[in-house]
Structure formats: structure tokens, C-alpha cells
Amino acid sequence: MTSPKVCVVTGTRAEYGILRPLMGKLEDSKELDLQLIVTGMHLSPEFGLTYKEIEEDGFKIDEKIEVLMSSDTHIGVSKSMGMTLISFSEAYERLQPDMIVILGDRYETFSAMTAATVANIPVAHLHGGEITEGAFDDSFRHSMTKMSYLHFTSTEEYRKRVIQLGESPQRVFNVGAMGVENALNLDLLSKQEVEDKLEIDLGEEYIVIVFHPVTLENNAAKSQIRELLSALDENDDLVKMFIKGNSDTEGRIINQEIDEYVQQNNNSYAFTSLPIEYYLSLIKNSKALVGNSSSGIIEAPSFKIATINIGDRQKGRVKAESVIDCSPKKKDIREALGLINSKEFQTKLKYIDNPYGKGNASKKVIKTIEEFLLDKKIDLKKKFYDIELE
């Protein structure tokens, strides 16, 4: 008798870094077989051809689905979604998976989820129930919740929100965030080791900057990244480590501004992509993570470092007290950078508790998937779960 096939879908470097512990446990499982579909930014030379990292980690890629067009406009993204939907339906027909595992809320995984729904393949969804009011990911995420069968949330608040969307509590599990698992369990590098590996000089202190487009704010990318860069200009003593933005609408605008800034400033560096160990090591040894990445919300608190969370992209998420919210304006960003050096804030950092779990999420996910697949507990005829209305 063959083992059930569990197919993991990944489209970005950050997503893969989060999924990697789960993929490793699936590969080691005696009860399940791992399948892997790679798509999106992984296959783009512009974003570093990061599928090679996956292969270097020893994972076999079963399907590569090239859908990323050389455009980050609304039309380009929509066309990419259409191509993805077609390609995933064909891939599922070839692979015949028993379950799909999808993380988060990106447009390429939304199409992958839609194709699975039409093919009657149950989906296990990670990080549902969350709120990111500044991005159209919010709409994708909640729609994907309704298309999913198993739900693995990162906090209890998010678990309750998934149930509020009509999903049965018996299929919704608060397991914590796998990003925390990476932060706490990977063998990370010292500051000196990072400098040696990347051939850079991080100086006495440095910050990591990750800034993505706010997709519900049209034509705001250039003005917002310029406000941020202008605020950074007033901190000559800090080395700036930029990790470039993703392929969302207007993402290339941000990356062009970063390239120009780095060319004009000697104490700054920019990388298109980094392996997860290098990325987390940079964060761990930094003064702060600055920008609007979910890493500042989920992983950074585990290192007890400051996060300066700019704008609305992460608005609505559960946050630790190490996160300082500010507007995408030079004055407010400058004030936030000043605040992290205060004695009161530095004392607070020592006692930060990360609300996203203790670092054992993937083990819980595997155990639940095994239970549902092996015991044949899946019935795709879901009933809408009504909560009591006040």
C-alpha cells in the first residue's frame, strides 16, 4: 500500500524558509510521501533563481511552474495568476497528490489553491486568520481559508477568526508560527561569520531593512521608499543591510531606489536574496529590523531585538512589545529609530515574549495531517460552522 502524497507549494524565498522544517519532517515521515512544486520568484533570474537553494538543501522538485512575468503591474499580476491556475491544474493531474500544503496569501498560491479546490484535493493552509490591512493579500488569505480543509494558525486569536469564517473548530489548530521554529532551532551564524560569508563589514552596529510594496496603496511605493531612505541618511553611524523587495505590484520601483541608494552610500549593502540561515543570522545580530516585512512581526521578537514597522502593510497583526509602529514619513521613521536606543526600550526588550509560539509548529502540523489522511477523516462536503451571535 502506497503512502499518502502530500504536495508542498512554494513561490518565494521567504515562504520556502518558513516551510523548510515542515518539508524536512515530511521527507523523514514513514507514513507520508513529500511532493514539491516550485513556482513564482524561485524561477526568476531577477529574484535570484532561489529554486537552486531548495535543490542544494537536498529536496527533489517534482514540478517547476514558470508563471512570473516581467511586469509588476496590476495587469501583469492578473495574467500571472491566470497562467498559474492553468499550470497547477495540469501539475496536479500529473502528480495526483492526496493533500496540498499552502502557506499564507500570495497571488500565485491563491491560484494554486483554486486549482486544488476544483480538483477536489484537500488543502492544509498555514497562517490563516491573520490581518494585513495594507495588502490585497488579506482578501486572498480569507478566500483561501474557505477553500482549505485543515487550518494551522499561528496564534489563538487567528484560530478564532478562522472559526468565525465558518470553519469547524475540529479542523482548526493553533500551532504557532514555523518562522519562530527557524529562529529558535536553526544553527545561526555570529556577526563575524556573517561578515566572512557575505564579504561585508557590518561595523559597530547595523540595521536590516526589508520594505515591500503596500499593494492597496496605488503609486505609493516610490514616495514611501524615498521617505525611508531619507530618514536613514541621518543615521551615518549605522551600517544599512537591505534585502530587496518581492515581486508584488511596484516592487521593482522599490528595488531600483535601493540600488541607487547603495551606489551612493559606502556603509550600505543590498542583496536580492539570502539563504534563511544568513537572513535570520543578520536579524539576530542587528540593532533592529526596519521596514514592513512579516519577519519583524513573527521572527524578530524571538531574538529580542527591535522592529520598526512602517506603514499599513502589517496593520492588524498580533504584535510583541518589541514592535514600534510608525507612518511611512521621514519624521516618524527618524523618531522610531531614536526610540530604540532609549534605556527604557532596551530594558523592555529583555523581557519580550513572542506571541507566535515556542518553535514546535511543524511537528504538530505533521501529526495532524497524518491523523486525517491515514484515518481517512476527510470529508470535503464541509458544513458552515455558525458561531453564536450576540
# chains A, B, ... in the order shown; residues from 1 in each chain; ligands from 1
call {"tool": "residues_around", "arguments": {"residues": "segment 193-201 of chain A", "least_positions_apart": "4", "cutoff": "9 Å", "atoms": "only C-alpha atoms", "output": "PyMOL selection string"}}
result
chain A and resi 189+239+267+269+278+281-282
call {"tool": "write_last_selection", "arguments": {"atoms": "N, CA, C and O atoms", "output": "CSV table (one decimal), in the first residue's frame"}}
result
chain,number,residue,atom,x,y,z
A,189,LEU,N,24.5,32.0,12.5
A,189,LEU,CA,25.9,32.5,12.5
A,189,LEU,C,26.1,33.6,13.4
A,189,LEU,O,25.2,34.4,13.7
A,239,VAL,N,25.4,50.9,9.8
A,239,VAL,CA,25.5,50.2,8.5
A,239,VAL,C,24.1,49.7,8.1
A,239,VAL,O,23.3,49.3,9.0
A,267,ASN,N,28.4,52.8,3.4
A,267,ASN,CA,28.1,51.9,4.5
A,267,ASN,C,26.8,51.2,4.3
A,267,ASN,O,26.0,51.1,5.3
A,269,TYR,N,24.6,48.0,2.0
A,269,TYR,CA,24.7,46.8,1.1
A,269,TYR,C,23.3,46.4,0.7
A,269,TYR,O,22.3,46.6,1.5
A,278,TYR,N,21.4,32.7,6.7
A,278,TYR,CA,22.1,34.0,6.7
A,278,TYR,C,21.1,35.2,7.0
A,278,TYR,O,21.5,36.1,7.8
A,281,SER,N,20.4,35.1,10.7
A,281,SER,CA,21.6,35.5,11.4
A,281,SER,C,21.8,37.0,11.4
A,281,SER,O,22.2,37.6,12.4
A,282,LEU,N,21.5,37.6,10.2
A,282,LEU,CA,21.6,39.1,10.1
A,282,LEU,C,20.7,39.7,11.1
A,282,LEU,O,21.0,40.7,11.8
call {"tool": "closest_atom_pairs", "arguments": {"of": "segment 268-334 of chain A", "to": "segment 343-367 of chain A", "cutoff": "6 Å", "atoms": "only C-alpha atoms", "output": "tab-separated table"}}
result
residue	atom	partner	partner_atom	distance
A:Pro301	CA	A:Asn354	CA	5.5
A:Ser302	CA	A:Asn354	CA	5.8
A:Lys304	CA	A:Leu349	CA	5.4
A:Ala320	CA	A:Asn354	CA	5.9
call {"tool": "closest_atom_pairs", "arguments": {"of": "segment 150-250 of chain A", "to": "segment 7-22 of chain A", "cutoff": "12 Å", "atoms": "only C-alpha atoms", "output": "tab-separated table"}}
result
residue	atom	partner	partner_atom	distance
A:Gly176	CA	A:Ile18	CA	12.0
A:Ala177	CA	A:Ile18	CA	8.5
A:Met178	CA	A:Ile18	CA	5.7
A:Gly179	CA	A:Ile18	CA	5.1
A:Val180	CA	A:Ile18	CA	8.7
A:Glu181	CA	A:Pro21	CA	7.9
A:Asn182	CA	A:Ile18	CA	7.1
A:Ala183	CA	A:Ile18	CA	9.8
A:Leu184	CA	A:Pro21	CA	11.9
A:Asn185	CA	A:Pro21	CA	9.7
A:Leu186	CA	A:Pro21	CA	9.6
A:Val210	CA	A:Ala14	CA	11.6
A:Ile243	CA	A:Ala14	CA	11.1
A:Lys244	CA	A:Arg13	CA	11.4
A:Gly245	CA	A:Ala14	CA	10.8
A:Asn246	CA	A:Thr12	CA	8.1
A:Ser247	CA	A:Thr12	CA	9.1
A:Asp248	CA	A:Thr12	CA	11.2
call {"tool": "write_last_selection", "arguments": {"atoms": "N, CA, C and O atoms", "output": "mmCIF file, in the first residue's frame"}}
result
data_model
loop_
_atom_site.group_PDB
_atom_site.id
_atom_site.type_symbol
_atom_site.label_atom_id
_atom_site.label_comp_id
_atom_site.auth_asym_id
_atom_site.auth_seq_id
_atom_site.Cartn_x
_atom_site.Cartn_y
_atom_site.Cartn_z
ATOM 1 N N GLY A 176 1.224 27.761 16.345
ATOM 2 C CA GLY A 176 2.325 28.715 16.363
ATOM 3 C C GLY A 176 2.881 28.908 14.956
ATOM 4 O O GLY A 176 2.394 28.328 13.988
ATOM 5 N N ALA A 177 3.918 29.735 14.842
ATOM 6 C CA ALA A 177 4.490 30.064 13.534
ATOM 7 C C ALA A 177 5.775 29.279 13.296
ATOM 8 O O ALA A 177 6.635 29.196 14.177
ATOM 9 N N MET A 178 5.906 28.722 12.092
ATOM 10 C CA MET A 178 7.125 27.984 11.771
ATOM 11 C C MET A 178 8.328 28.901 11.602
ATOM 12 O O MET A 178 9.470 28.457 11.688
ATOM 13 N N GLY A 179 8.076 30.193 11.367
ATOM 14 C CA GLY A 179 9.188 31.131 11.352
ATOM 15 C C GLY A 179 9.886 31.187 12.699
ATOM 16 O O GLY A 179 11.112 31.319 12.774
ATOM 17 N N VAL A 180 9.129 31.074 13.770
ATOM 18 C CA VAL A 180 9.712 31.024 15.117
ATOM 19 C C VAL A 180 10.532 29.753 15.288
ATOM 20 O O VAL A 180 11.595 29.758 15.925
ATOM 21 N N GLU A 181 10.058 28.666 14.711
ATOM 22 C CA GLU A 181 10.795 27.402 14.772
ATOM 23 C C GLU A 181 12.193 27.573 14.156
ATOM 24 O O GLU A 181 13.191 27.100 14.704
ATOM 25 N N ASN A 182 12.263 28.247 13.017
ATOM 26 C CA ASN A 182 13.558 28.514 12.395
ATOM 27 C C ASN A 182 14.424 29.389 13.290
ATOM 28 O O ASN A 182 15.615 29.121 13.491
ATOM 29 N N ALA A 183 13.831 30.446 13.830
ATOM 30 C CA ALA A 183 14.591 31.388 14.648
ATOM 31 C C ALA A 183 15.202 30.715 15.871
ATOM 32 O O ALA A 183 16.331 31.029 16.276
ATOM 33 N N LEU A 184 14.468 29.788 16.462
ATOM 34 C CA LEU A 184 14.911 29.173 17.719
ATOM 35 C C LEU A 184 15.754 27.916 17.523
ATOM 36 O O LEU A 184 16.522 27.557 18.408
ATOM 37 N N ASN A 185 15.620 27.258 16.373
ATOM 38 C CA ASN A 185 16.228 25.939 16.221
ATOM 39 C C ASN A 185 17.342 25.844 15.191
ATOM 40 O O ASN A 185 18.146 24.910 15.237
ATOM 41 N N LEU A 186 17.408 26.778 14.232
ATOM 42 C CA LEU A 186 18.487 26.713 13.259
ATOM 43 C C LEU A 186 19.820 27.092 13.895
ATOM 44 O O LEU A 186 19.876 27.865 14.848
ATOM 45 N N VAL A 210 13.965 45.712 5.219
ATOM 46 C CA VAL A 210 13.168 44.946 4.258
ATOM 47 C C VAL A 210 11.866 45.703 4.044
ATOM 48 O O VAL A 210 11.042 45.809 4.958
ATOM 49 N N ILE A 243 17.592 43.962 2.207
ATOM 50 C CA ILE A 243 17.145 42.778 1.490
ATOM 51 C C ILE A 243 16.037 43.254 0.567
ATOM 52 O O ILE A 243 15.029 43.800 1.026
ATOM 53 N N LYS A 244 16.206 43.080 -0.730
ATOM 54 C CA LYS A 244 15.300 43.690 -1.693
ATOM 55 C C LYS A 244 13.888 43.132 -1.601
ATOM 56 O O LYS A 244 13.660 42.021 -1.088
ATOM 57 N N GLY A 245 12.938 43.910 -2.145
ATOM 58 C CA GLY A 245 11.528 43.571 -2.075
ATOM 59 C C GLY A 245 11.136 42.442 -3.011
ATOM 60 O O GLY A 245 11.918 41.982 -3.844
ATOM 61 N N ASN A 246 9.876 42.010 -2.892
ATOM 62 C CA ASN A 246 9.373 40.890 -3.678
ATOM 63 C C ASN A 246 8.749 41.366 -4.992
ATOM 64 O O ASN A 246 8.892 42.511 -5.392
ATOM 65 N N SER A 247 8.028 40.452 -5.661
ATOM 66 C CA SER A 247 7.503 40.725 -6.993
ATOM 67 C C SER A 247 6.103 41.328 -6.979
ATOM 68 O O SER A 247 5.433 41.341 -8.009
ATOM 69 N N ASP A 248 5.652 41.823 -5.832
ATOM 70 C CA ASP A 248 4.343 42.467 -5.781
ATOM 71 C C ASP A 248 4.313 43.699 -6.691
ATOM 72 O O ASP A 248 5.352 44.211 -7.111
#
call {"tool": "closest_residue", "arguments": {"among": "A:Glu371, A:Glu156, A:Asp325, A:Glu277", "to": "Asn292 of chain A", "atoms": "only C-alpha atoms"}}
result
A:Asp325
call {"tool": "residues_around", "arguments": {"residues": "Ser168 of chain A", "least_positions_apart": "2", "cutoff": "6 Å", "atoms": "only C-alpha atoms", "output": "list of chain:residue names"}}
result
A:Gln170, A:Arg171, A:Tyr385
call {"tool": "select_by_dssp", "arguments": {"residues": "segment 3-206 of chain A", "states": "alpha helix (DSSP H)", "output": "PyMOL selection string"}}
result
chain A and resi 13-28+51-56+74-95+107-118+137-147+156-164+178-185+191-198
call {"tool": "closest_residue", "arguments": {"among": "A:Ala300, A:Met41, A:Ile61, A:Val172", "to": "Leu280 of chain A", "atoms": "only C-alpha atoms"}}
result
A:Ala300
call {"tool": "select_by_dssp", "arguments": {"residues": "segment 250-382 of chain A", "states": "strand (DSSP E or B)", "output": "PyMOL selection string"}}
result
chain A and resi 268-271+288-291+306-310+323-326
call {"tool": "write_last_selection", "arguments": {"atoms": "all heavy atoms", "output": "compact mmCIF listing (two decimals), in the first residue's frame"}}
result
# COMPACT_ATOMS: atom_id res chain seq x y z
N SER A 268 26.49 50.81 3.13
CA SER A 268 25.23 50.10 2.88
C SER A 268 25.43 48.99 1.86
O SER A 268 26.31 49.09 0.99
CB SER A 268 24.14 51.07 2.41
OG SER A 268 24.54 51.69 1.20
N TYR A 269 24.62 47.95 1.99
CA TYR A 269 24.69 46.79 1.11
C TYR A 269 23.27 46.36 0.74
O TYR A 269 22.33 46.59 1.51
CB TYR A 269 25.39 45.61 1.80
CG TYR A 269 26.76 45.91 2.33
CD1 TYR A 269 26.93 46.40 3.64
CD2 TYR A 269 27.90 45.70 1.56
CE1 TYR A 269 28.19 46.67 4.15
CE2 TYR A 269 29.17 45.97 2.07
CZ TYR A 269 29.31 46.45 3.35
OH TYR A 269 30.56 46.72 3.86
N ALA A 270 23.13 45.74 -0.43
CA ALA A 270 21.82 45.23 -0.85
C ALA A 270 21.98 43.84 -1.41
O ALA A 270 22.90 43.56 -2.19
CB ALA A 270 21.20 46.15 -1.89
N PHE A 271 21.06 42.94 -1.02
CA PHE A 271 21.04 41.57 -1.51
C PHE A 271 19.65 41.25 -2.05
O PHE A 271 18.64 41.58 -1.42
CB PHE A 271 21.40 40.59 -0.40
CG PHE A 271 22.84 40.66 0.02
CD1 PHE A 271 23.27 41.60 0.96
CD2 PHE A 271 23.78 39.80 -0.53
CE1 PHE A 271 24.60 41.68 1.33
CE2 PHE A 271 25.11 39.86 -0.15
CZ PHE A 271 25.53 40.81 0.78
N ALA A 288 18.22 46.50 14.77
CA ALA A 288 16.78 46.50 14.54
C ALA A 288 16.48 46.00 13.13
O ALA A 288 17.32 46.06 12.24
CB ALA A 288 16.20 47.90 14.72
N LEU A 289 15.26 45.50 12.96
CA LEU A 289 14.73 45.19 11.63
C LEU A 289 13.76 46.32 11.27
O LEU A 289 12.79 46.58 11.99
CB LEU A 289 14.01 43.84 11.64
CG LEU A 289 13.38 43.40 10.32
CD1 LEU A 289 14.40 43.34 9.20
CD2 LEU A 289 12.71 42.03 10.48
N VAL A 290 14.03 46.98 10.14
CA VAL A 290 13.28 48.16 9.74
C VAL A 290 12.56 47.89 8.43
O VAL A 290 13.15 47.34 7.50
CB VAL A 290 14.22 49.37 9.58
CG1 VAL A 290 13.44 50.60 9.14
CG2 VAL A 290 14.98 49.64 10.87
N GLY A 291 11.29 48.27 8.33
CA GLY A 291 10.55 48.10 7.08
C GLY A 291 9.13 47.67 7.33
O GLY A 291 8.46 48.16 8.25
N ALA A 306 14.63 45.06 18.30
CA ALA A 306 13.56 45.97 17.94
C ALA A 306 13.11 45.77 16.50
O ALA A 306 13.90 45.42 15.63
CB ALA A 306 14.02 47.41 18.13
N THR A 307 11.84 46.03 16.26
CA THR A 307 11.28 46.11 14.91
C THR A 307 10.66 47.48 14.73
O THR A 307 9.84 47.91 15.55
CB THR A 307 10.19 45.04 14.69
OG1 THR A 307 10.77 43.74 14.76
CG2 THR A 307 9.51 45.23 13.35
N ILE A 308 11.05 48.17 13.67
CA ILE A 308 10.36 49.40 13.29
C ILE A 308 9.47 49.05 12.11
O ILE A 308 9.94 48.81 11.00
CB ILE A 308 11.36 50.52 12.93
CG1 ILE A 308 12.20 50.86 14.16
CG2 ILE A 308 10.62 51.76 12.42
CD1 ILE A 308 13.25 51.92 13.91
N ASN A 309 8.18 48.97 12.38
CA ASN A 309 7.19 48.53 11.40
C ASN A 309 6.55 49.75 10.75
O ASN A 309 5.81 50.50 11.38
CB ASN A 309 6.13 47.67 12.09
CG ASN A 309 5.06 47.21 11.14
OD1 ASN A 309 5.35 46.62 10.10
ND2 ASN A 309 3.81 47.49 11.46
N ILE A 310 6.85 49.94 9.46
CA ILE A 310 6.49 51.17 8.76
C ILE A 310 5.20 50.99 7.95
O ILE A 310 5.10 50.05 7.15
CB ILE A 310 7.63 51.62 7.83
CG1 ILE A 310 8.91 51.86 8.65
CG2 ILE A 310 7.24 52.87 7.06
CD1 ILE A 310 10.13 52.10 7.81
N VAL A 323 7.82 45.68 18.83
CA VAL A 323 7.46 46.27 17.54
C VAL A 323 7.01 47.72 17.75
O VAL A 323 6.08 47.99 18.50
CB VAL A 323 6.35 45.47 16.86
CG1 VAL A 323 5.96 46.11 15.53
CG2 VAL A 323 6.78 44.02 16.65
N ILE A 324 7.67 48.63 17.04
CA ILE A 324 7.31 50.05 17.07
C ILE A 324 6.64 50.38 15.74
O ILE A 324 7.26 50.29 14.68
CB ILE A 324 8.55 50.94 17.25
CG1 ILE A 324 9.28 50.58 18.55
CG2 ILE A 324 8.16 52.41 17.24
CD1 ILE A 324 10.63 51.25 18.68
N ASP A 325 5.38 50.75 15.77
CA ASP A 325 4.66 51.13 14.56
C ASP A 325 4.89 52.61 14.26
O ASP A 325 4.88 53.45 15.17
CB ASP A 325 3.15 50.88 14.72
CG ASP A 325 2.81 49.41 14.82
OD1 ASP A 325 3.42 48.62 14.07
OD2 ASP A 325 1.94 49.04 15.63
N CYS A 326 5.07 52.93 12.98
CA CYS A 326 5.17 54.33 12.59
C CYS A 326 4.67 54.52 11.17
O CYS A 326 4.55 53.56 10.41
CB CYS A 326 6.61 54.86 12.72
SG CYS A 326 7.77 54.16 11.53
call {"tool": "closest_residue", "arguments": {"among": "A:Lys64, A:Arg317, A:Lys79, A:His142", "to": "Gly40 of chain A", "atoms": "only C-alpha atoms"}}
result
A:Lys64
call {"tool": "residues_around", "arguments": {"residues": "segment 99-112 of chain A", "least_positions_apart": "4", "cutoff": "6 Å", "atoms": "only C-alpha atoms", "output": "ChimeraX atom specification"}}
result
/A:6-9,81,84-85,88,121-127,137,140-141
call {"tool": "write_last_selection", "arguments": {"atoms": "all heavy atoms", "output": "CSV table (one decimal), in the first residue's frame"}}
result
chain,number,residue,atom,x,y,z
A,6,VAL,N,1.7,14.1,0.0
A,6,VAL,CA,1.5,15.5,0.5
A,6,VAL,C,2.4,16.4,-0.3
A,6,VAL,O,3.6,16.4,-0.3
A,6,VAL,CB,1.8,15.6,2.0
A,6,VAL,CG1,1.6,17.1,2.4
A,6,VAL,CG2,0.9,14.7,2.8
A,7,CYS,N,1.7,17.3,-1.1
A,7,CYS,CA,2.4,18.2,-2.0
A,7,CYS,C,2.5,19.6,-1.4
A,7,CYS,O,1.5,20.3,-1.2
A,7,CYS,CB,1.6,18.2,-3.3
A,7,CYS,SG,2.4,19.3,-4.6
A,8,VAL,N,3.7,20.1,-1.3
A,8,VAL,CA,4.0,21.4,-0.7
A,8,VAL,C,4.3,22.4,-1.9
A,8,VAL,O,5.0,22.0,-2.9
A,8,VAL,CB,5.2,21.4,0.2
A,8,VAL,CG1,5.6,22.8,0.7
A,8,VAL,CG2,5.0,20.5,1.4
A,9,VAL,N,3.6,23.5,-1.9
A,9,VAL,CA,3.8,24.5,-2.9
A,9,VAL,C,4.6,25.7,-2.3
A,9,VAL,O,4.2,26.2,-1.3
A,9,VAL,CB,2.4,25.0,-3.4
A,9,VAL,CG1,2.6,26.2,-4.4
A,9,VAL,CG2,1.6,23.9,-4.0
A,81,MET,N,-1.6,35.2,-12.5
A,81,MET,CA,-2.5,34.4,-11.8
A,81,MET,C,-3.2,33.4,-12.7
A,81,MET,O,-3.4,32.2,-12.4
A,81,MET,CB,-3.5,35.2,-11.1
A,81,MET,CG,-2.9,36.0,-9.9
A,81,MET,SD,-4.1,37.1,-9.1
A,81,MET,CE,-5.2,35.9,-8.4
A,84,THR,N,-0.9,30.7,-13.8
A,84,THR,CA,-0.7,29.8,-12.7
A,84,THR,C,-1.8,28.8,-12.5
A,84,THR,O,-1.6,27.6,-12.3
A,84,THR,CB,-0.5,30.6,-11.4
A,84,THR,OG1,0.5,31.6,-11.6
A,84,THR,CG2,-0.1,29.7,-10.2
A,85,LEU,N,-3.0,29.3,-12.6
A,85,LEU,CA,-4.2,28.4,-12.5
A,85,LEU,C,-4.2,27.3,-13.5
A,85,LEU,O,-4.4,26.1,-13.1
A,85,LEU,CB,-5.5,29.2,-12.6
A,85,LEU,CG,-6.8,28.5,-12.5
A,85,LEU,CD1,-6.9,27.9,-11.1
A,85,LEU,CD2,-7.9,29.5,-12.7
A,88,PHE,N,-1.1,24.8,-12.6
A,88,PHE,CA,-1.3,24.0,-11.5
A,88,PHE,C,-2.3,22.9,-11.7
A,88,PHE,O,-2.1,21.8,-11.2
A,88,PHE,CB,-1.6,24.8,-10.2
A,88,PHE,CG,-0.4,25.3,-9.5
A,88,PHE,CD1,0.1,26.6,-9.7
A,88,PHE,CD2,0.1,24.5,-8.5
A,88,PHE,CE1,1.2,27.0,-9.0
A,88,PHE,CE2,1.3,24.9,-7.8
A,88,PHE,CZ,1.8,26.2,-8.0
A,121,ILE,N,-9.0,18.3,-4.2
A,121,ILE,CA,-7.8,17.9,-3.4
A,121,ILE,C,-7.9,18.7,-2.2
A,121,ILE,O,-7.9,19.9,-2.2
A,121,ILE,CB,-6.5,18.1,-4.2
A,121,ILE,CG1,-6.5,17.5,-5.5
A,121,ILE,CG2,-5.3,17.7,-3.3
A,121,ILE,CD1,-5.3,17.9,-6.4
A,122,PRO,N,-7.9,18.0,-1.0
A,122,PRO,CA,-7.9,18.8,0.3
A,122,PRO,C,-6.6,19.6,0.5
A,122,PRO,O,-5.5,19.2,0.1
A,122,PRO,CB,-8.1,17.7,1.3
A,122,PRO,CG,-7.5,16.5,0.7
A,122,PRO,CD,-7.9,16.6,-0.8
A,123,VAL,N,-6.8,20.8,1.1
A,123,VAL,CA,-5.7,21.7,1.3
A,123,VAL,C,-5.5,21.9,2.8
A,123,VAL,O,-6.4,22.2,3.5
A,123,VAL,CB,-5.9,23.0,0.6
A,123,VAL,CG1,-4.8,24.0,0.9
A,123,VAL,CG2,-6.0,22.8,-0.9
A,124,ALA,N,-4.2,21.9,3.2
A,124,ALA,CA,-3.8,22.3,4.5
A,124,ALA,C,-3.2,23.7,4.4
A,124,ALA,O,-2.2,23.9,3.7
A,124,ALA,CB,-2.8,21.3,5.1
A,125,HIS,N,-3.9,24.7,5.1
A,125,HIS,CA,-3.5,26.1,4.9
A,125,HIS,C,-2.8,26.5,6.2
A,125,HIS,O,-3.3,26.4,7.3
A,125,HIS,CB,-4.7,26.9,4.7
A,125,HIS,CG,-4.4,28.3,4.4
A,125,HIS,ND1,-5.3,29.4,4.8
A,125,HIS,CD2,-3.4,28.9,3.7
A,125,HIS,CE1,-4.8,30.5,4.4
A,125,HIS,NE2,-3.6,30.3,3.7
A,126,LEU,N,-1.6,27.2,6.0
A,126,LEU,CA,-0.9,27.7,7.2
A,126,LEU,C,-1.0,29.2,7.2
A,126,LEU,O,-1.0,29.9,6.2
A,126,LEU,CB,0.6,27.4,7.0
A,126,LEU,CG,1.0,25.9,6.7
A,126,LEU,CD1,2.5,25.7,6.5
A,126,LEU,CD2,0.5,25.0,7.8
A,127,HIS,N,-1.1,29.8,8.4
A,127,HIS,CA,-1.2,31.2,8.7
A,127,HIS,C,-2.5,31.9,8.2
A,127,HIS,O,-2.5,33.0,7.8
A,127,HIS,CB,0.0,31.9,8.0
A,127,HIS,CG,1.3,31.8,8.8
A,127,HIS,ND1,1.7,32.8,9.8
A,127,HIS,CD2,2.2,30.9,8.9
A,127,HIS,CE1,2.8,32.4,10.3
A,127,HIS,NE2,3.2,31.3,9.8
A,137,ASP,N,-3.4,40.9,-0.1
A,137,ASP,CA,-3.2,39.6,0.5
A,137,ASP,C,-4.3,39.2,1.5
A,137,ASP,O,-4.7,38.0,1.6
A,137,ASP,CB,-1.8,39.5,1.2
A,137,ASP,CG,-0.7,39.7,0.3
A,137,ASP,OD1,-0.9,39.8,-0.9
A,137,ASP,OD2,0.5,39.9,0.8
A,140,PHE,N,-7.1,37.6,-0.4
A,140,PHE,CA,-6.7,36.3,-0.8
A,140,PHE,C,-6.7,35.3,0.4
A,140,PHE,O,-7.2,34.2,0.3
A,140,PHE,CB,-5.3,36.3,-1.4
A,140,PHE,CG,-5.2,37.0,-2.7
A,140,PHE,CD1,-4.0,37.6,-3.1
A,140,PHE,CD2,-6.2,37.0,-3.6
A,140,PHE,CE1,-3.9,38.3,-4.4
A,140,PHE,CE2,-6.2,37.7,-4.8
A,140,PHE,CZ,-5.0,38.3,-5.2
A,141,ARG,N,-6.1,35.7,1.5
A,141,ARG,CA,-6.0,34.8,2.6
A,141,ARG,C,-7.3,34.3,3.1
A,141,ARG,O,-7.5,33.1,3.4
A,141,ARG,CB,-5.2,35.6,3.8
A,141,ARG,CG,-4.9,34.6,5.0
A,141,ARG,CD,-4.3,35.4,6.1
A,141,ARG,NE,-3.2,36.2,5.7
A,141,ARG,CZ,-3.2,37.6,5.6
A,141,ARG,NH1,-4.3,38.2,6.0
A,141,ARG,NH2,-2.2,38.3,5.2
call {"tool": "atom_distance", "arguments": {"atom1": "atom CA of Glu299 of chain A", "atom2": "atom CA of Thr153 of chain A"}}
result
15.3 Å
call {"tool": "residues_around", "arguments": {"residues": "Lys330 of chain A", "least_positions_apart": "6", "cutoff": "7 Å", "atoms": "only C-alpha atoms", "output": "PyMOL selection string"}}
result
chain A and resi 227-228+230-231
call {"tool": "residues_around", "arguments": {"residues": "Asp379 of chain A", "least_positions_apart": "2", "cutoff": "9 Å", "atoms": "only C-alpha atoms", "output": "tab-separated table (two decimals) with N, CA, C and O atoms, in the first residue's frame"}}
result
chain	number	residue	atom	x	y	z
A	122	PRO	N	-7.88	18.03	-0.98
A	122	PRO	CA	-7.91	18.79	0.28
A	122	PRO	C	-6.64	19.60	0.48
A	122	PRO	O	-5.54	19.16	0.11
A	149	TYR	N	-9.18	22.83	3.88
A	149	TYR	CA	-9.84	21.84	4.73
A	149	TYR	C	-9.22	21.83	6.13
A	149	TYR	O	-9.94	21.85	7.13
A	376	LYS	N	-8.45	8.44	7.27
A	376	LYS	CA	-9.49	8.77	6.28
A	376	LYS	C	-10.62	9.61	6.90
A	376	LYS	O	-11.80	9.30	6.77
A	377	LYS	N	-10.21	10.68	7.57
A	377	LYS	CA	-11.15	11.54	8.27
A	377	LYS	C	-11.60	12.75	7.42
A	377	LYS	O	-12.29	13.62	7.92
A	381	LYS	N	-17.23	17.70	1.88
A	381	LYS	CA	-18.55	18.34	1.96
A	381	LYS	C	-18.64	19.07	3.30
A	381	LYS	O	-19.32	18.63	4.24
A	382	LYS	N	-17.97	20.20	3.37
A	382	LYS	CA	-17.88	20.95	4.62
A	382	LYS	C	-19.21	21.62	4.93
A	382	LYS	O	-19.90	22.12	4.04
